[in-house]
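These notes concern the structure reproduced below.
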Amino acid sequence: MLAPVAAGLAIVAFMTTTPLSPQQDEAWDVVRRINQAWVLRRTEDLEALLHPAIVVAPPPPAEPVRGREACIESYREFALEARVLHFEELHPAVEVFGDTAVATYDFAITYEMSGTYTTERGREIFVLTHEGGRWQAVWRTQLTPAAEA
């Protein structure tokens with residue numbers, strides 16, 4: 001699926017060949033909406049998607065970012081500093097265990113920051129919780145090899 005977005009940017013999502021259950025689909029939709037929010041610089045959309053106690057565990061040596069407001073600010077800083085040229089979500093998988101879901105996918109991103117173009121590939125892992133009738137991300141990490149400059 002190719003979704004055209006602002007300034008010629010494309011978010012490309014390749015769905016798994018295994019159909020998702022309604023619960024899995026709902027949880028995956030939250031991950032997709034989180035990605036759309038930061039890629040399209042609509043960080044105000046993140047509040048409803050992130051749990052108040054979310055923890056983002058970035059690759060070392062960066063320290064974890066704790067709490068919804070701090071996480072939104074982190075996304076906002078990236079959105080202000082970087083211009084995303086291409087973003088792909090590949091091979092998503094979602095497992096649901098009661099009120100907890102684990103969503104994983106491979107990604108590829110190309111962005112420009114301070115005149116330098118960078119392409120990264122890796123794997124994202126989100127943990128979501130279902131509270132108050134909705135899914136929210138409560139934990140996220142990213143596994144990446146070294147960035148290609």
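Residue numbers start at 1 in each chain; chains themselves are named A, B, ... in the order of the structure tokens; ligands are numbered from 1 in the order shown.
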Exercise for review: Considering only C-alpha atoms, return as number ranges by chain whatever protein or nucleic-acid residues lie within 12 Å of A:Pro22, sequence-local ones (same chain, fewer than 4 positions apart) excluded.
Suggested key: A: 26-29, 94-96
Write the residues you've just listed into a file as a PDB file, in the first residue's frame, and include C-alpha atoms for each of them.
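Contents of result.pdb, freshly written:
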```
ATOM      1  CA  GLU A  26      -6.854  -2.338  16.272  1.00  0.00           C
ATOM      2  CA  ALA A  27      -3.456  -2.517  17.994  1.00  0.00           C
ATOM      3  CA  TRP A  28      -1.580  -2.312  14.662  1.00  0.00           C
ATOM      4  CA  ASP A  29      -3.670   0.716  13.680  1.00  0.00           C
ATOM      5  CA  VAL A  94       0.973  -8.401  16.288  1.00  0.00           C
ATOM      6  CA  GLU A  95       0.389 -10.768  19.196  1.00  0.00           C
ATOM      7  CA  VAL A  96      -2.383 -10.087  21.710  1.00  0.00           C
TER       8      VAL A  96
END
```
Review point. If you count only C-alpha atoms, which residues fall within 12 Å of stretch 132-142 of chain A, apart from same-chain ones fewer than 6 positions away, as a PyMOL selection string?
Key: chain A and resi 23-35+46-60+62-68+71+96+98-108+120-126
**Study point:** Contact residues around A:Val84 with only C-alpha atoms at 8 Å, ignoring same-chain residues under 3 positions, as a PyMOL selection string
**Key:** chain A and resi 9+39+87+109-112
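For the pair atom CA of A:Ile72 and atom CA of A:Asp45, the interatomic distance is 9.4 Å.
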Point to revise | Selection: 12 Å around A:Ala82, only C-alpha atoms, excl. self and same-chain fewer than 2 positions, as a ChimeraX atom specification | key: /A:38-41,75-80,84-86,109-118
Check your understanding: Using only C-alpha atoms, which residue out of A:Leu143, A:Ala70, A:Leu128, A:Thr18 lies closest to A:His91?
Key -> A:Thr18
Point to revise | All alpha helix (DSSP H) positions in chain A, as number ranges by chain | key: A: 22-39, 68-81
Based on the selection just made, write N, CA and C atoms of those residues as a CSV table (one decimal), in the first residue's frame.
```csv
chain,number,residue,atom,x,y,z
A,22,PRO,N,-9.5,-8.9,14.7
A,22,PRO,CA,-9.9,-7.5,14.9
A,22,PRO,C,-9.1,-6.8,16.0
A,23,GLN,N,-8.7,-7.6,17.1
A,23,GLN,CA,-7.9,-7.0,18.2
A,23,GLN,C,-6.5,-6.7,17.7
A,24,GLN,N,-5.9,-7.6,16.9
A,24,GLN,CA,-4.6,-7.3,16.3
A,24,GLN,C,-4.6,-6.1,15.4
A,25,ASP,N,-5.7,-6.0,14.6
A,25,ASP,CA,-5.8,-4.9,13.7
A,25,ASP,C,-5.9,-3.6,14.4
A,26,GLU,N,-6.7,-3.6,15.5
A,26,GLU,CA,-6.9,-2.3,16.3
A,26,GLU,C,-5.5,-1.9,16.9
A,27,ALA,N,-4.8,-2.9,17.4
A,27,ALA,CA,-3.5,-2.5,18.0
A,27,ALA,C,-2.5,-2.0,16.9
A,28,TRP,N,-2.5,-2.7,15.8
A,28,TRP,CA,-1.6,-2.3,14.7
A,28,TRP,C,-1.9,-0.9,14.1
A,29,ASP,N,-3.2,-0.6,14.1
A,29,ASP,CA,-3.7,0.7,13.7
A,29,ASP,C,-3.1,1.8,14.6
A,30,VAL,N,-3.0,1.6,15.9
A,30,VAL,CA,-2.4,2.6,16.7
A,30,VAL,C,-0.9,2.8,16.4
A,31,VAL,N,-0.2,1.7,16.1
A,31,VAL,CA,1.3,1.9,15.7
A,31,VAL,C,1.3,2.7,14.4
A,32,ARG,N,0.5,2.3,13.4
A,32,ARG,CA,0.5,3.1,12.1
A,32,ARG,C,0.2,4.6,12.3
A,33,ARG,N,-0.8,4.8,13.2
A,33,ARG,CA,-1.1,6.2,13.5
A,33,ARG,C,0.0,7.0,14.2
A,34,ILE,N,0.7,6.3,15.1
A,34,ILE,CA,1.9,6.9,15.7
A,34,ILE,C,2.9,7.3,14.7
A,35,ASN,N,3.2,6.4,13.8
A,35,ASN,CA,4.2,6.7,12.7
A,35,ASN,C,3.7,7.8,11.8
A,36,GLN,N,2.5,7.8,11.4
A,36,GLN,CA,2.0,8.9,10.6
A,36,GLN,C,2.1,10.2,11.3
A,37,ALA,N,1.8,10.2,12.6
A,37,ALA,CA,1.9,11.5,13.3
A,37,ALA,C,3.2,12.1,13.3
A,38,TRP,N,4.3,11.3,13.6
A,38,TRP,CA,5.6,11.9,13.6
A,38,TRP,C,6.2,12.2,12.2
A,39,VAL,N,5.9,11.3,11.3
A,39,VAL,CA,6.4,11.4,9.9
A,39,VAL,C,5.8,12.7,9.3
A,68,ARG,N,4.4,10.4,28.7
A,68,ARG,CA,3.8,10.8,27.5
A,68,ARG,C,4.4,12.2,27.0
A,69,GLU,N,4.4,13.2,27.9
A,69,GLU,CA,4.8,14.5,27.4
A,69,GLU,C,6.3,14.5,27.0
A,70,ALA,N,7.1,13.8,27.7
A,70,ALA,CA,8.5,13.8,27.3
A,70,ALA,C,8.7,13.0,25.9
A,71,CYS,N,7.9,12.0,25.7
A,71,CYS,CA,7.9,11.2,24.5
A,71,CYS,C,7.4,12.1,23.3
A,72,ILE,N,6.3,12.8,23.5
A,72,ILE,CA,5.8,13.7,22.5
A,72,ILE,C,6.9,14.8,22.1
A,73,GLU,N,7.5,15.3,23.2
A,73,GLU,CA,8.6,16.3,22.9
A,73,GLU,C,9.7,15.7,22.1
A,74,SER,N,10.1,14.5,22.4
A,74,SER,CA,11.1,13.8,21.6
A,74,SER,C,10.8,13.7,20.2
A,75,TYR,N,9.5,13.2,19.9
A,75,TYR,CA,9.0,13.1,18.5
A,75,TYR,C,9.0,14.5,17.9
A,76,ARG,N,8.6,15.5,18.6
A,76,ARG,CA,8.5,16.9,18.1
A,76,ARG,C,9.8,17.4,17.7
A,77,GLU,N,10.8,17.2,18.5
A,77,GLU,CA,12.2,17.6,18.2
A,77,GLU,C,12.7,17.0,17.0
A,78,PHE,N,12.5,15.7,16.8
A,78,PHE,CA,12.9,15.0,15.6
A,78,PHE,C,12.2,15.6,14.4
A,79,ALA,N,10.9,15.8,14.5
A,79,ALA,CA,10.1,16.3,13.4
A,79,ALA,C,10.5,17.7,13.0
A,80,LEU,N,11.0,18.5,14.0
A,80,LEU,CA,11.5,19.9,13.6
A,80,LEU,C,12.9,19.9,13.0
A,81,GLU,N,13.7,18.9,13.4
A,81,GLU,CA,15.1,18.9,12.9
A,81,GLU,C,15.3,18.1,11.7
```
Review point. Quick one: DSSP strand (DSSP E or B) residues in stretch 19-121 of chain A, as a ChimeraX atom specification?
Key: /A:50-57,65-66,82-97,100-113,116-121
Could the residues in this selection be written to a file with N, CA and C atoms, as a compact mmCIF listing (two decimals), in the first residue's frame?
```txt
# COMPACT_ATOMS: atom_id res chain seq x y z
N LEU A 50 -0.53 7.50 22.97
CA LEU A 50 0.53 7.14 23.92
C LEU A 50 -0.03 7.09 25.34
N HIS A 51 0.27 6.04 26.05
CA HIS A 51 -0.13 5.89 27.45
C HIS A 51 0.61 6.94 28.28
N PRO A 52 -0.01 7.47 29.34
CA PRO A 52 0.68 8.47 30.17
C PRO A 52 2.03 8.00 30.71
N ALA A 53 2.18 6.69 30.94
CA ALA A 53 3.42 6.15 31.53
C ALA A 53 4.35 5.52 30.48
N ILE A 54 4.17 5.84 29.20
CA ILE A 54 4.98 5.22 28.14
C ILE A 54 6.48 5.40 28.41
N VAL A 55 7.23 4.39 28.03
CA VAL A 55 8.69 4.44 28.06
C VAL A 55 9.19 4.12 26.66
N VAL A 56 10.04 5.00 26.13
CA VAL A 56 10.70 4.73 24.86
C VAL A 56 12.16 4.43 25.19
N ALA A 57 12.57 3.23 24.83
CA ALA A 57 13.95 2.78 25.09
C ALA A 57 14.72 2.84 23.77
N VAL A 65 13.29 7.49 27.47
CA VAL A 65 12.43 8.66 27.59
C VAL A 65 11.17 8.17 28.29
N ARG A 66 10.82 8.81 29.40
CA ARG A 66 9.72 8.33 30.23
C ARG A 66 8.60 9.35 30.31
N ALA A 82 14.41 17.10 11.39
CA ALA A 82 14.60 16.19 10.26
C ALA A 82 13.47 16.36 9.24
N ARG A 83 13.82 16.10 8.01
CA ARG A 83 12.84 16.07 6.93
C ARG A 83 12.80 14.63 6.42
N VAL A 84 11.72 13.93 6.74
CA VAL A 84 11.59 12.52 6.34
C VAL A 84 11.26 12.47 4.85
N LEU A 85 12.06 11.73 4.11
CA LEU A 85 11.87 11.60 2.67
C LEU A 85 11.16 10.30 2.30
N HIS A 86 11.36 9.26 3.11
CA HIS A 86 10.77 7.96 2.82
C HIS A 86 10.68 7.17 4.12
N PHE A 87 9.56 6.49 4.33
CA PHE A 87 9.39 5.65 5.50
C PHE A 87 8.59 4.42 5.11
N GLU A 88 9.08 3.24 5.46
CA GLU A 88 8.40 1.99 5.17
C GLU A 88 8.20 1.18 6.44
N GLU A 89 7.02 0.58 6.56
CA GLU A 89 6.71 -0.41 7.59
C GLU A 89 6.61 -1.75 6.88
N LEU A 90 7.45 -2.70 7.27
CA LEU A 90 7.52 -3.98 6.57
C LEU A 90 7.28 -5.14 7.53
N HIS A 91 6.59 -6.14 7.08
CA HIS A 91 6.41 -7.40 7.80
C HIS A 91 5.87 -7.22 9.22
N PRO A 92 4.76 -6.50 9.39
CA PRO A 92 4.23 -6.33 10.74
C PRO A 92 3.70 -7.65 11.30
N ALA A 93 3.85 -7.79 12.59
CA ALA A 93 3.29 -8.91 13.33
C ALA A 93 2.75 -8.37 14.65
N VAL A 94 1.59 -8.85 15.04
CA VAL A 94 0.97 -8.40 16.29
C VAL A 94 0.49 -9.63 17.05
N GLU A 95 0.87 -9.71 18.30
CA GLU A 95 0.39 -10.77 19.20
C GLU A 95 -0.38 -10.10 20.33
N VAL A 96 -1.54 -10.64 20.65
CA VAL A 96 -2.38 -10.09 21.71
C VAL A 96 -2.49 -11.10 22.83
N PHE A 97 -2.28 -10.62 24.06
CA PHE A 97 -2.36 -11.43 25.27
C PHE A 97 -3.26 -10.68 26.25
N THR A 100 -2.87 -6.83 26.61
CA THR A 100 -1.52 -6.45 26.18
C THR A 100 -1.30 -6.93 24.76
N ALA A 101 -0.68 -6.09 23.95
CA ALA A 101 -0.31 -6.48 22.59
C ALA A 101 1.14 -6.12 22.36
N VAL A 102 1.82 -6.95 21.59
CA VAL A 102 3.19 -6.69 21.16
C VAL A 102 3.15 -6.60 19.64
N ALA A 103 3.58 -5.46 19.12
CA ALA A 103 3.61 -5.24 17.68
C ALA A 103 5.05 -5.05 17.25
N THR A 104 5.45 -5.77 16.21
CA THR A 104 6.80 -5.65 15.68
C THR A 104 6.72 -5.46 14.17
N TYR A 105 7.71 -4.79 13.63
CA TYR A 105 7.81 -4.64 12.18
C TYR A 105 9.22 -4.18 11.84
N ASP A 106 9.61 -4.46 10.61
CA ASP A 106 10.86 -3.93 10.09
C ASP A 106 10.55 -2.55 9.51
N PHE A 107 11.56 -1.69 9.49
CA PHE A 107 11.34 -0.37 8.90
C PHE A 107 12.55 0.04 8.07
N ALA A 108 12.28 0.97 7.17
CA ALA A 108 13.33 1.64 6.41
C ALA A 108 12.94 3.11 6.36
N ILE A 109 13.89 3.98 6.66
CA ILE A 109 13.63 5.42 6.66
C ILE A 109 14.81 6.14 6.02
N THR A 110 14.49 7.15 5.24
CA THR A 110 15.50 8.06 4.73
C THR A 110 15.08 9.46 5.14
N TYR A 111 16.01 10.20 5.73
CA TYR A 111 15.70 11.56 6.16
C TYR A 111 16.90 12.45 5.96
N GLU A 112 16.62 13.75 5.93
CA GLU A 112 17.67 14.77 5.81
C GLU A 112 17.66 15.58 7.09
N MET A 113 18.86 15.77 7.65
CA MET A 113 19.00 16.57 8.86
C MET A 113 20.28 17.39 8.72
N THR A 116 22.57 16.59 5.82
CA THR A 116 23.07 15.22 5.71
C THR A 116 21.89 14.27 5.49
N TYR A 117 22.02 13.42 4.48
CA TYR A 117 20.99 12.42 4.19
C TYR A 117 21.37 11.10 4.86
N THR A 118 20.40 10.52 5.55
CA THR A 118 20.65 9.29 6.29
C THR A 118 19.57 8.27 5.96
N THR A 119 20.00 7.03 5.76
CA THR A 119 19.07 5.91 5.58
C THR A 119 19.32 4.93 6.72
N GLU A 120 18.26 4.53 7.37
CA GLU A 120 18.34 3.55 8.45
C GLU A 120 17.36 2.43 8.18
N ARG A 121 17.73 1.25 8.61
CA ARG A 121 16.85 0.09 8.57
C ARG A 121 16.92 -0.57 9.94
```
